[in-house]
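A.B. asks: My structure is stored as coords-v6.tsv, with TSV, C-alpha atoms.
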chain	number	residue	atom	x	y	z
A	1	MET	CA	0.00	0.00	0.00
A	2	SER	CA	2.96	2.30	-0.65
A	3	ASN	CA	0.86	4.83	-2.61
A	4	LEU	CA	-2.65	4.40	-1.23
A	5	LEU	CA	-1.84	5.38	2.34
A	6	HIS	CA	0.63	8.16	1.61
A	7	PRO	CA	-0.38	11.86	1.47
A	8	PHE	CA	-1.53	13.30	-1.85
A	9	SER	CA	-0.73	16.71	-3.26
A	10	LYS	CA	-1.40	18.16	-6.69
A	11	GLY	CA	-1.77	21.86	-7.25
A	12	ASN	CA	-3.86	23.21	-4.39
A	13	PHE	CA	-5.45	19.81	-3.72
A	14	ASN	CA	-3.94	18.18	-0.64
A	15	LEU	CA	-5.22	15.04	1.10
A	16	LYS	CA	-3.92	12.87	3.92
A	17	ASN	CA	-3.92	9.81	1.64
A	18	HIS	CA	-4.85	8.65	-1.87
A	19	ILE	CA	-8.13	7.02	-0.82
A	20	VAL	CA	-11.52	8.44	-1.80
A	21	MET	CA	-14.84	7.26	-0.41
A	22	ALA	CA	-17.11	7.14	-3.45
A	23	PRO	CA	-20.61	8.63	-3.48
A	24	MET	CA	-23.32	6.11	-2.59
A	25	THR	CA	-27.04	6.63	-2.15
A	26	ARG	CA	-28.06	5.43	1.33
A	27	SER	CA	-31.59	6.91	1.74
A	28	ARG	CA	-31.38	7.92	5.39
A	29	ALA	CA	-32.32	11.60	4.99
A	30	ILE	CA	-35.81	11.66	6.48
A	31	ASP	CA	-37.82	14.51	4.89
A	32	ASN	CA	-34.73	15.06	2.69
A	33	ILE	CA	-32.85	16.69	5.58
A	34	PRO	CA	-29.36	15.47	6.59
A	35	ASN	CA	-29.36	14.31	10.20
A	36	ASP	CA	-27.27	13.17	13.16
A	37	LEU	CA	-27.24	9.57	11.94
A	38	MET	CA	-25.72	10.63	8.63
A	39	ALA	CA	-23.10	12.71	10.45
A	40	THR	CA	-22.11	9.62	12.43
A	41	TYR	CA	-21.93	7.52	9.24
A	42	TYR	CA	-19.58	9.91	7.46
A	43	ALA	CA	-17.49	10.55	10.57
A	44	GLN	CA	-16.95	6.81	10.96
A	45	ARG	CA	-15.51	6.69	7.44
A	46	SER	CA	-13.29	9.75	7.69
A	47	GLY	CA	-10.15	7.69	7.37
A	48	ALA	CA	-10.49	8.43	3.66
A	49	GLY	CA	-8.52	11.40	2.46
A	50	LEU	CA	-11.60	12.59	0.55
A	51	ILE	CA	-15.24	11.71	1.04
A	52	VAL	CA	-17.76	12.40	-1.71
A	53	THR	CA	-21.27	12.35	-0.28
A	54	GLU	CA	-24.29	10.55	-1.59
A	55	GLY	CA	-26.15	12.32	-4.41
A	56	THR	CA	-27.69	15.50	-3.02
A	57	SER	CA	-30.29	17.48	-4.89
A	58	PRO	CA	-29.99	21.22	-5.59
A	59	SER	CA	-33.78	21.51	-5.94
A	60	VAL	CA	-37.14	19.99	-5.05
A	61	ASN	CA	-37.49	18.57	-8.56
A	62	GLY	CA	-34.20	16.68	-8.30
A	63	LEU	CA	-35.27	14.50	-5.35
A	64	GLY	CA	-36.32	11.56	-7.50
A	65	TYR	CA	-35.56	8.82	-4.97
A	66	CYS	CA	-37.07	8.45	-1.53
A	67	ARG	CA	-35.17	9.83	1.44
A	68	ILE	CA	-32.24	11.39	-0.44
A	69	PRO	CA	-30.86	14.68	0.91
A	70	GLY	CA	-31.11	18.12	-0.58
A	71	ILE	CA	-29.07	21.28	-0.21
A	72	PHE	CA	-31.58	23.98	-1.13
A	73	SER	CA	-33.11	24.87	2.24
A	74	LYS	CA	-31.81	26.38	5.47
A	75	GLU	CA	-32.70	23.19	7.34
A	76	GLN	CA	-30.64	21.13	4.92
A	77	ILE	CA	-27.65	23.47	5.20
A	78	GLU	CA	-27.78	23.26	8.98
A	79	GLY	CA	-28.16	19.48	8.80
A	80	TRP	CA	-25.11	19.10	6.58
A	81	LYS	CA	-23.00	21.22	8.96
A	82	LYS	CA	-23.12	18.32	11.42
A	83	THR	CA	-21.50	16.05	8.84
A	84	THR	CA	-18.84	18.47	7.60
A	85	ASP	CA	-17.84	19.38	11.16
A	86	ALA	CA	-17.53	15.71	12.12
A	87	VAL	CA	-15.46	14.76	9.06
A	88	HIS	CA	-13.11	17.73	9.40
A	89	GLN	CA	-12.28	16.68	12.96
A	90	ASN	CA	-10.35	13.76	11.47
A	91	ASP	CA	-8.47	15.93	8.95
A	92	SER	CA	-10.42	14.58	5.99
A	93	LYS	CA	-11.97	16.61	3.19
A	94	ILE	CA	-15.53	16.23	2.00
A	95	PHE	CA	-17.24	17.25	-1.25
A	96	VAL	CA	-21.00	17.13	-1.68
A	97	GLN	CA	-22.19	15.43	-4.86
A	98	LEU	CA	-24.80	17.61	-6.55
A	99	MET	CA	-27.25	15.23	-8.22
A	100	HIS	CA	-30.46	16.17	-10.01
A	101	THR	CA	-32.21	12.92	-10.90
A	102	GLY	CA	-34.12	14.39	-13.86
A	103	ARG	CA	-36.30	11.72	-15.50
A	104	VAL	CA	-34.97	8.99	-13.19
A	105	ALA	CA	-37.69	9.73	-10.66
A	106	HIS	CA	-41.18	9.03	-9.41
A	107	GLU	CA	-43.56	11.78	-8.42
A	108	ALA	CA	-44.41	9.97	-5.16
A	109	ASN	CA	-40.85	10.58	-3.98
A	110	LEU	CA	-41.02	14.33	-4.54
A	111	PRO	CA	-42.11	16.79	-1.86
A	112	GLU	CA	-45.20	18.90	-2.40
A	113	GLY	CA	-44.71	21.25	-5.32
A	114	GLY	CA	-42.14	19.07	-7.05
A	115	LYS	CA	-42.47	17.68	-10.57
A	116	VAL	CA	-40.50	15.18	-12.61
A	117	VAL	CA	-38.57	17.00	-15.32
A	118	GLY	CA	-36.08	15.93	-17.94
A	119	VAL	CA	-33.96	17.17	-20.79
A	120	SER	CA	-36.77	15.78	-22.96
A	121	ASP	CA	-40.16	14.15	-22.47
A	122	ILE	CA	-38.72	10.67	-23.08
A	123	LYS	CA	-39.68	8.42	-20.18
A	124	ALA	CA	-36.96	6.29	-18.58
A	125	ALA	CA	-37.61	2.56	-18.78
A	126	GLY	CA	-37.64	0.58	-15.56
A	127	GLU	CA	-38.98	0.95	-12.05
A	128	MET	CA	-37.95	2.53	-8.77
A	129	TYR	CA	-38.98	2.16	-5.15
A	130	THR	CA	-41.33	4.57	-3.40
A	131	ASP	CA	-42.13	4.49	0.31
A	132	VAL	CA	-45.81	5.18	-0.40
A	133	LEU	CA	-46.58	2.94	-3.37
A	134	GLY	CA	-43.78	0.37	-3.44
A	135	MET	CA	-42.15	-0.33	-6.83
A	136	GLN	CA	-43.41	1.94	-9.62
A	137	GLU	CA	-42.48	2.76	-13.19
A	138	HIS	CA	-40.59	6.00	-13.62
A	139	THR	CA	-42.90	8.98	-13.99
A	140	GLN	CA	-43.31	10.54	-17.42
A	141	PRO	CA	-41.05	13.62	-17.34
A	142	VAL	CA	-41.96	17.13	-18.42
A	143	ALA	CA	-39.37	18.51	-20.83
A	144	LEU	CA	-37.61	21.60	-19.52
A	145	SER	CA	-38.15	24.76	-21.53
A	146	THR	CA	-35.08	26.79	-22.44
A	147	GLU	CA	-35.92	29.25	-19.67
A	148	GLU	CA	-36.32	26.39	-17.21
A	149	VAL	CA	-32.93	24.98	-18.19
A	150	TYR	CA	-31.37	28.23	-17.03
A	151	GLN	CA	-33.43	28.07	-13.85
A	152	VAL	CA	-32.03	24.61	-13.13
A	153	MET	CA	-28.54	25.95	-13.80
A	154	ASN	CA	-29.16	28.61	-11.17
A	155	GLU	CA	-30.34	25.89	-8.77
A	156	TYR	CA	-27.00	24.13	-9.17
A	157	ILE	CA	-25.17	27.40	-8.53
A	158	SER	CA	-27.26	28.09	-5.44
A	159	GLY	CA	-26.66	24.52	-4.23
A	160	ALA	CA	-22.90	25.01	-4.60
A	161	LYS	CA	-22.99	28.23	-2.61
A	162	ASN	CA	-25.09	26.49	0.05
A	163	ALA	CA	-22.50	23.71	0.17
A	164	VAL	CA	-19.77	26.17	1.02
A	165	GLU	CA	-22.00	27.66	3.72
A	166	ALA	CA	-22.54	24.15	5.09
A	167	GLY	CA	-18.77	23.67	5.41
A	168	PHE	CA	-18.06	21.45	2.41
A	169	ASP	CA	-14.62	21.66	0.82
A	170	GLY	CA	-16.22	21.55	-2.61
A	171	VAL	CA	-18.88	20.08	-4.87
A	172	GLU	CA	-18.89	17.20	-7.33
A	173	LEU	CA	-21.24	17.59	-10.30
A	174	HIS	CA	-22.88	14.22	-10.93
A	175	ALA	CA	-22.77	13.88	-14.71
A	176	ALA	CA	-22.89	10.08	-14.62
A	177	ASN	CA	-25.27	7.13	-14.15
A	178	GLY	CA	-28.11	8.51	-16.25
A	179	TYR	CA	-29.06	11.56	-14.17
A	180	LEU	CA	-29.90	15.00	-15.50
A	181	LEU	CA	-26.44	16.23	-16.47
A	182	GLU	CA	-25.77	13.04	-18.43
A	183	GLN	CA	-29.26	13.19	-19.94
A	184	PHE	CA	-28.15	16.38	-21.68
A	185	LEU	CA	-25.09	14.61	-23.11
A	186	ASN	CA	-26.82	11.58	-24.60
A	187	PRO	CA	-28.18	12.21	-28.13
A	188	ASN	CA	-30.77	9.44	-27.75
A	189	VAL	CA	-32.28	11.11	-24.69
A	190	ASN	CA	-31.62	14.74	-25.60
A	191	ASN	CA	-33.86	15.52	-28.58
A	192	ARG	CA	-33.89	19.26	-27.99
A	193	ALA	CA	-33.98	21.70	-30.87
A	194	ASP	CA	-32.73	24.71	-28.90
A	195	GLU	CA	-29.21	25.78	-27.88
A	196	PHE	CA	-28.89	22.75	-25.58
A	197	GLY	CA	-29.52	20.07	-28.22
A	198	GLY	CA	-28.05	18.77	-31.45
A	199	SER	CA	-24.26	18.96	-31.69
A	200	VAL	CA	-21.79	17.69	-29.11
A	201	GLU	CA	-21.04	21.28	-28.19
A	202	ASN	CA	-24.71	22.12	-27.67
A	203	ARG	CA	-25.41	19.01	-25.64
A	204	ALA	CA	-22.39	19.78	-23.45
A	205	LYS	CA	-23.35	23.43	-23.01
A	206	PHE	CA	-25.48	22.97	-19.89
A	207	LEU	CA	-22.74	21.07	-18.09
A	208	ILE	CA	-19.92	23.39	-19.12
A	209	GLU	CA	-21.79	26.61	-18.34
A	210	THR	CA	-22.92	25.23	-15.00
A	211	ALA	CA	-19.37	24.23	-14.08
A	212	GLN	CA	-18.02	27.63	-15.16
A	213	LYS	CA	-20.58	29.59	-13.17
A	214	ILE	CA	-20.09	27.46	-10.06
A	215	ALA	CA	-16.31	27.89	-10.37
A	216	ASP	CA	-16.84	31.65	-10.64
A	217	GLU	CA	-18.98	31.64	-7.50
A	218	ILE	CA	-17.09	29.33	-5.13
A	219	GLY	CA	-13.67	28.88	-6.76
A	220	LYS	CA	-12.51	26.43	-9.40
A	221	GLU	CA	-10.47	24.55	-6.80
A	222	LYS	CA	-13.76	23.55	-5.14
A	223	VAL	CA	-15.31	21.91	-8.20
A	224	GLY	CA	-15.11	18.30	-9.38
A	225	ILE	CA	-17.17	16.23	-11.82
A	226	ARG	CA	-18.14	12.59	-12.23
A	227	PHE	CA	-18.46	10.79	-15.59
A	228	SER	CA	-19.50	7.26	-16.60
A	229	PRO	CA	-18.96	7.04	-20.39
A	230	PHE	CA	-20.43	3.96	-22.09
A	231	SER	CA	-22.59	3.15	-19.06
A	232	THR	CA	-26.20	2.17	-19.82
A	233	PHE	CA	-27.37	2.50	-16.21
A	234	ASN	CA	-30.78	4.13	-15.73
A	235	ASP	CA	-31.80	3.50	-19.34
A	236	MET	CA	-29.03	5.47	-21.01
A	237	PRO	CA	-29.14	4.27	-24.64
A	238	THR	CA	-25.85	3.53	-26.34
A	239	TYR	CA	-24.56	5.74	-29.14
A	240	SER	CA	-21.55	5.44	-31.42
A	241	GLU	CA	-18.12	4.96	-29.89
A	242	GLU	CA	-16.80	7.79	-32.05
A	243	GLU	CA	-19.44	10.17	-30.70
A	244	VAL	CA	-18.84	9.14	-27.08
A	245	ILE	CA	-15.10	9.69	-27.42
A	246	LYS	CA	-15.68	13.05	-29.07
A	247	THR	CA	-18.12	14.09	-26.31
A	248	TYR	CA	-15.92	13.26	-23.34
A	249	SER	CA	-12.69	14.44	-24.96
A	250	TYR	CA	-14.38	17.78	-25.58
A	251	LEU	CA	-15.68	17.93	-22.01
A	252	ALA	CA	-12.24	17.17	-20.57
A	253	THR	CA	-10.71	19.95	-22.63
A	254	GLU	CA	-13.35	22.52	-21.67
A	255	LEU	CA	-13.30	21.59	-17.98
A	256	ASN	CA	-9.51	21.82	-18.03
A	257	THR	CA	-9.84	25.35	-19.39
A	258	ILE	CA	-12.16	26.23	-16.52
A	259	GLY	CA	-9.58	24.70	-14.19
A	260	ILE	CA	-11.78	22.49	-12.02
A	261	THR	CA	-9.87	20.41	-9.50
A	262	TYR	CA	-10.81	16.85	-10.44
A	263	LEU	CA	-12.42	14.47	-12.88
A	264	HIS	CA	-13.95	11.37	-11.25
A	265	LEU	CA	-14.26	8.48	-13.71
A	266	SER	CA	-16.57	5.53	-13.11
A	267	TYR	CA	-14.67	2.95	-15.11
A	268	SER	CA	-16.16	0.17	-17.21
A	269	PRO	CA	-14.43	-2.31	-19.54
A	270	GLN	CA	-16.33	-0.74	-22.45
A	271	ILE	CA	-14.21	2.41	-22.22
A	272	PRO	CA	-11.57	2.14	-24.95
A	273	GLU	CA	-7.95	2.96	-24.24
A	274	SER	CA	-8.17	5.84	-26.70
A	275	LEU	CA	-10.70	7.63	-24.50
A	276	MET	CA	-8.67	6.99	-21.35
A	277	ASN	CA	-5.65	8.48	-23.09
A	278	ALA	CA	-7.67	11.47	-24.29
A	279	LEU	CA	-8.99	12.20	-20.80
A	280	ARG	CA	-5.51	12.11	-19.34
A	281	ALA	CA	-4.06	14.19	-22.17
A	282	ASN	CA	-6.82	16.80	-22.15
A	283	PHE	CA	-7.26	17.20	-18.40
A	284	GLU	CA	-4.34	18.40	-16.30
A	285	GLY	CA	-6.10	18.26	-12.92
A	286	THR	CA	-6.58	15.35	-10.57
A	287	ILE	CA	-8.20	12.20	-11.97
A	288	ILE	CA	-10.03	9.84	-9.60
A	289	LEU	CA	-10.62	6.28	-10.80
A	290	CYS	CA	-13.56	4.34	-9.38
A	291	ASN	CA	-15.61	1.17	-9.87
A	292	GLY	CA	-14.69	-2.37	-8.97
A	293	LEU	CA	-11.22	-1.69	-7.62
A	294	THR	CA	-9.50	-3.87	-5.06
A	295	ALA	CA	-6.58	-2.71	-2.95
A	296	GLU	CA	-4.21	-4.39	-5.40
A	297	THR	CA	-5.75	-3.06	-8.61
A	298	ALA	CA	-6.04	0.40	-7.06
A	299	GLU	CA	-2.36	0.38	-6.21
A	300	THR	CA	-1.57	-0.69	-9.77
A	301	ALA	CA	-3.74	2.12	-11.19
A	302	LEU	CA	-1.78	4.67	-9.17
A	303	GLU	CA	1.52	3.19	-10.25
A	304	GLU	CA	0.57	3.18	-13.94
A	305	GLY	CA	-0.12	6.89	-13.84
A	306	PHE	CA	-3.66	7.33	-15.21
A	307	ALA	CA	-5.23	7.78	-11.80
A	308	ASP	CA	-4.05	10.26	-9.21
A	309	LEU	CA	-6.55	9.00	-6.63
A	310	VAL	CA	-8.68	5.86	-6.30
A	311	ALA	CA	-12.22	5.61	-4.98
A	312	PHE	CA	-13.96	2.76	-3.18
A	313	GLY	CA	-17.71	2.43	-2.75
A	314	ARG	CA	-19.21	-0.74	-1.31
A	315	TYR	CA	-16.11	-1.56	0.71
A	316	TYR	CA	-16.82	1.61	2.68
A	317	ILE	CA	-20.42	0.65	3.36
A	318	ALA	CA	-19.41	-2.40	5.41
A	319	ASN	CA	-15.99	-1.21	6.60
A	320	PRO	CA	-16.01	2.20	8.26
A	321	ASP	CA	-12.31	1.76	9.05
A	322	PHE	CA	-11.45	0.60	5.53
A	323	ASP	CA	-8.17	2.52	5.49
A	324	GLN	CA	-6.98	0.78	8.68
A	325	ARG	CA	-7.95	-2.62	7.30
A	326	LEU	CA	-5.89	-1.87	4.18
A	327	GLU	CA	-2.92	-0.86	6.28
A	328	LYS	CA	-3.06	-3.98	8.46
A	329	GLY	CA	-4.19	-6.41	5.76
A	330	THR	CA	-7.11	-7.59	7.85
A	331	PRO	CA	-10.32	-9.17	6.50
A	332	LEU	CA	-13.26	-7.04	5.41
A	333	ASN	CA	-16.77	-7.19	6.81
A	334	ASP	CA	-19.51	-8.77	4.70
A	335	LEU	CA	-22.11	-6.49	3.11
A	336	ASP	CA	-25.76	-6.62	4.13
A	337	PHE	CA	-27.45	-5.95	0.79
A	338	ASN	CA	-30.89	-5.82	2.42
A	339	THR	CA	-30.10	-2.60	4.30
A	340	PHE	CA	-28.49	-0.51	1.58
A	341	TYR	CA	-31.48	1.84	1.30
A	342	THR	CA	-33.55	1.22	4.42
A	343	PRO	CA	-34.09	3.97	7.01
A	344	GLY	CA	-32.33	3.71	10.35
A	345	ALA	CA	-28.98	2.70	11.78
A	346	GLU	CA	-29.06	-0.98	10.82
A	347	GLY	CA	-26.66	-1.64	7.99
A	348	PHE	CA	-25.57	2.00	8.14
A	349	THR	CA	-23.67	2.87	11.32
A	350	ASP	CA	-23.55	-0.53	13.05
A	351	TYR	CA	-20.84	-2.30	11.03
A	352	PRO	CA	-18.00	-3.35	13.38
A	353	PHE	CA	-14.63	-1.65	13.61
A	354	LEU	CA	-11.37	-3.50	14.11
A	355	ASN	CA	-11.27	-1.73	17.45
A	356	SER	CA	-14.57	-2.78	19.00
A	357	GLU	CA	-14.43	0.13	21.43
A	358	LYS	CA	-15.24	2.64	18.66
For this file, produce the structure as structure tokens.
C.D. replies:
Amino acid sequence: MSNLLHPFSKGNFNLKNHIVMAPMTRSRAIDNIPNDLMATYYAQRSGAGLIVTEGTSPSVNGLGYCRIPGIFSKEQIEGWKKTTDAVHQNDSKIFVQLMHTGRVAHEANLPEGGKVVGVSDIKAAGEMYTDVLGMQEHTQPVALSTEEVYQVMNEYISGAKNAVEAGFDGVELHAANGYLLEQFLNPNVNNRADEFGGSVENRAKFLIETAQKIADEIGKEKVGIRFSPFSTFNDMPTYSEEEVIKTYSYLATELNTIGITYLHLSYSPQIPESLMNALRANFEGTIILCNGLTAETAETALEEGFADLVAFGRYYIANPDFDQRLEKGTPLNDLDFNTFYTPGAEGFTDYPFLNSEK
């Protein structure tokens, strides 16, 4: 673990080690407000140099899943302060992941006044869980007007400013896994005829302008982004390899110009080496590699030079002291898949530490 556990420094980005806790939806935010239980959960896992929170909505309309947190109200800001304070006590940094679910939503999960919106009116295939009605098909989205697109952009900017007020070290724009930012990028979901549809440049406009305006407001060193090229999760239809490579190469170049601090890549075997090379060549900031890594493959990724940092997801669910287990080479706890998204402490803050006194 010669690289994983050593301090990281690149530009103005300094962490106590090379380990990132990946963002993972956990559905414990009752009434969409971060709480004491969530603060305990993140504090337990603050052995990571950087924590990226679960997807957190910048608006009422982005709360597509049940019990996910927001960051658009005073109560939510105050709730998140408990988490950021707790994590900072262990000299870790924490970014909030700004996630608008877009069409990946059900109206039963939205608070009063919310509506399911999307880059287009194309309904996402599949179902999702609701506390009120059980499993339901995704709700038919209402396509955002051009004016409403700019309103959503302002919601992201406001959410980023709220994040700084709540004590976060920065924000990660969730442009992966089929949510709203990626819905703009995909030509089979984005059928718009205005300035946000058509060419690669137009489809990338919402993301790039949002990133630029957030960087202007809170500082480019406090902005990261997450991508999952070639992923079909949440009914993201495939499109040509050439077009995907062109899209993400362009995004890397433009985000590098803005000067954001990191690019967080959810890796899949479908990503060709040419795109990996283009991302590294076009983006000079920190690159975080995530998805399916073990301690050994993560160490290799750092040694080979593509990744500056490595992120772990499910390992951190069951192993709050994951960094210590890596250091000592001790076994990992088993995951309880039945409690990933249930309310309450079970399967959330009750996984055992190596030191049972914690």
A.B. asks: Which residues come within 9 Å of range 190-195 of chain A, counting all atoms listed in the file, excluding same-chain residues fewer than 2 positions away, as a list in words?
C.D. replies: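 What passes the distance filter is Gly118, Val119, Ser120, Asp121, Ile122, Thr146, Gln183, Phe184, Leu185, Asn186, Pro187, Asn188, Gly197, Gly198, Asn202, Arg203 and Lys205 of chain A.
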A.B. asks: Would you kindly return, as number ranges by chain, each protein, DNA or RNA residue with an atom no farther than 8 Å from any atom of Val104 in chain A, considering all atoms listed in the file and excluding same-chain residues fewer than 3 positions away?
C.D. replies: A: 64, 101, 124, 138-139, 178-179, 234
A.B. asks: With C-alpha atoms kept, could you save the residues just selected as a CSV table (one decimal), in the coordinates of the input?
C.D. replies:
chain,number,residue,atom,x,y,z
A,64,GLY,CA,-36.3,11.6,-7.5
A,101,THR,CA,-32.2,12.9,-10.9
A,124,ALA,CA,-37.0,6.3,-18.6
A,138,HIS,CA,-40.6,6.0,-13.6
A,139,THR,CA,-42.9,9.0,-14.0
A,178,GLY,CA,-28.1,8.5,-16.2
A,179,TYR,CA,-29.1,11.6,-14.2
A,234,ASN,CA,-30.8,4.1,-15.7
A.B. asks: What's the separation between CA of Leu293 in chain A and CA of Ala311 in chain A, in Å to one decimal place?
C.D. replies: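 Computing it gives 7.8 Å between the two atoms.
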A.B. asks: Contacts of Glu346 in chain A at 12 Å or less, counting only C-alpha atoms, minus same-chain residues fewer than 5 places along, as an MDAnalysis selection string?
C.D. replies: chainID A and resid 26 28 37 41 317:318 335:341 351:352
A.B. asks: Report, in Å with one decimal, the straight-line distance from CA of Met135 in chain A to CA of Glu107 in chain A.
C.D. replies: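 If I compute the distance from CA of Met135 in chain A to CA of Glu107 in chain A, I get 12.3 Å.
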A.B. asks: So how many Å separate CA of Leu4 in chain A and CA of Trp80 in chain A, to one decimal?
C.D. replies: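 Separating CA of Leu4 in chain A from CA of Trp80 in chain A is a distance of 28.0 Å.
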A.B. asks: Which protein, DNA or RNA residues have an atom at most 6 Å from (-5.1, 13.9, -2.0), counting all atoms listed in the file? List them as a list in words.
C.D. replies: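 The requested residues, written out, are Phe8, Ser9, Asn14, Leu15, Asn17 and His18 of chain A.
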A.B. asks: Mind checking which residues fall within 10 Å of range 277-281 of chain A, counting all atoms listed in the file, ignoring those fewer than 4 positions away in the same chain, and posting them as JSON, numbers by chain?
C.D. replies: {"A": [245, 246, 248, 249, 250, 251, 252, 253, 263, 265, 272, 273, 285, 286, 287, 305, 306, 307]}
A.B. asks: Using only C-alpha atoms, find the one residue out of A:Leu98, A:Lys81, A:Met236, A:Val20 that sits nearest to Asp36 in chain A.
C.D. replies: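 Result for the nearest residue to Asp36 in chain A: A:Lys81.
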A.B. asks: Compile the contact shell of Gly114 in chain A as a PyMOL selection string: residues with an atom at most 9 Å away, counting all atoms listed in the file, same-chain residues fewer than 5 positions apart removed.
C.D. replies: chain A and resi 59-63+107
A.B. asks: Choose the residue, out of A:Gln270, A:Thr56, A:Ser73, A:Asn90, that has the smallest atom-to-atom separation from Leu173 in chain A; count only C-alpha atoms.
C.D. replies: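 Counting only C-alpha atoms, the residue closest to Leu173 in chain A is A:Thr56.
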A.B. asks: Can you tell me, as AutoDock Vina command-line options, the centre and edge lengths (Å, one decimal) of the axis-aligned box enclosing all of range 135-143 of chain A's listed atoms after padding each side by 3 Å?
C.D. replies:
--center_x -41.4 --center_y 9.1 --center_z -13.8 --size_x 10.0 --size_y 24.8 --size_z 20.0
A.B. asks: Pick out the closest residue to Ala29 in chain A from this set: A:Val200, A:Ile68, A:Val132, A:Met153. Count all atoms listed in the file.
C.D. replies: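 Between A:Val200, A:Ile68, A:Val132, A:Met153, the residue approaching Ala29 in chain A most closely is A:Ile68.
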A.B. asks: Could you pull out every residue with an atom within 10 Å of (-25.0, 26.4, -5.7), file coordinates, counting all atoms listed in the file, and send them as a list in words?
C.D. replies: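 Neighbouring residues, ordered by chain and number, come to Pro58, Ile71, Phe72, Leu98, Met153, Asn154, Glu155, Tyr156, Ile157, Ser158, Gly159, Ala160, Lys161, Asn162, Ala163, Val164, Glu165, Val171, Thr210, Lys213, Ile214, Ala215, Glu217 and Ile218 of chain A.
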A.B. asks: Kindly indicate which residue among A:Lys10, A:Lys123, A:Arg45, A:Lys220 lies nearest to Gln324 in chain A, using only C-alpha atoms for the distances.
C.D. replies: A:Arg45
A.B. asks: Using all atoms listed in the file, can you tell me which of A:Glu254, A:Glu172, A:Glu296, A:Glu54 comes closest to Phe95 in chain A?
C.D. replies: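 When distances to Phe95 in chain A are compared using all atoms listed in the file, the smallest one comes from A:Glu172.
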A.B. asks: For Ala125 in chain A, which residue among A:Asp169, A:Asp31, A:Asp235, A:Glu243 is the nearest when counting only C-alpha atoms?
C.D. replies: A:Asp235
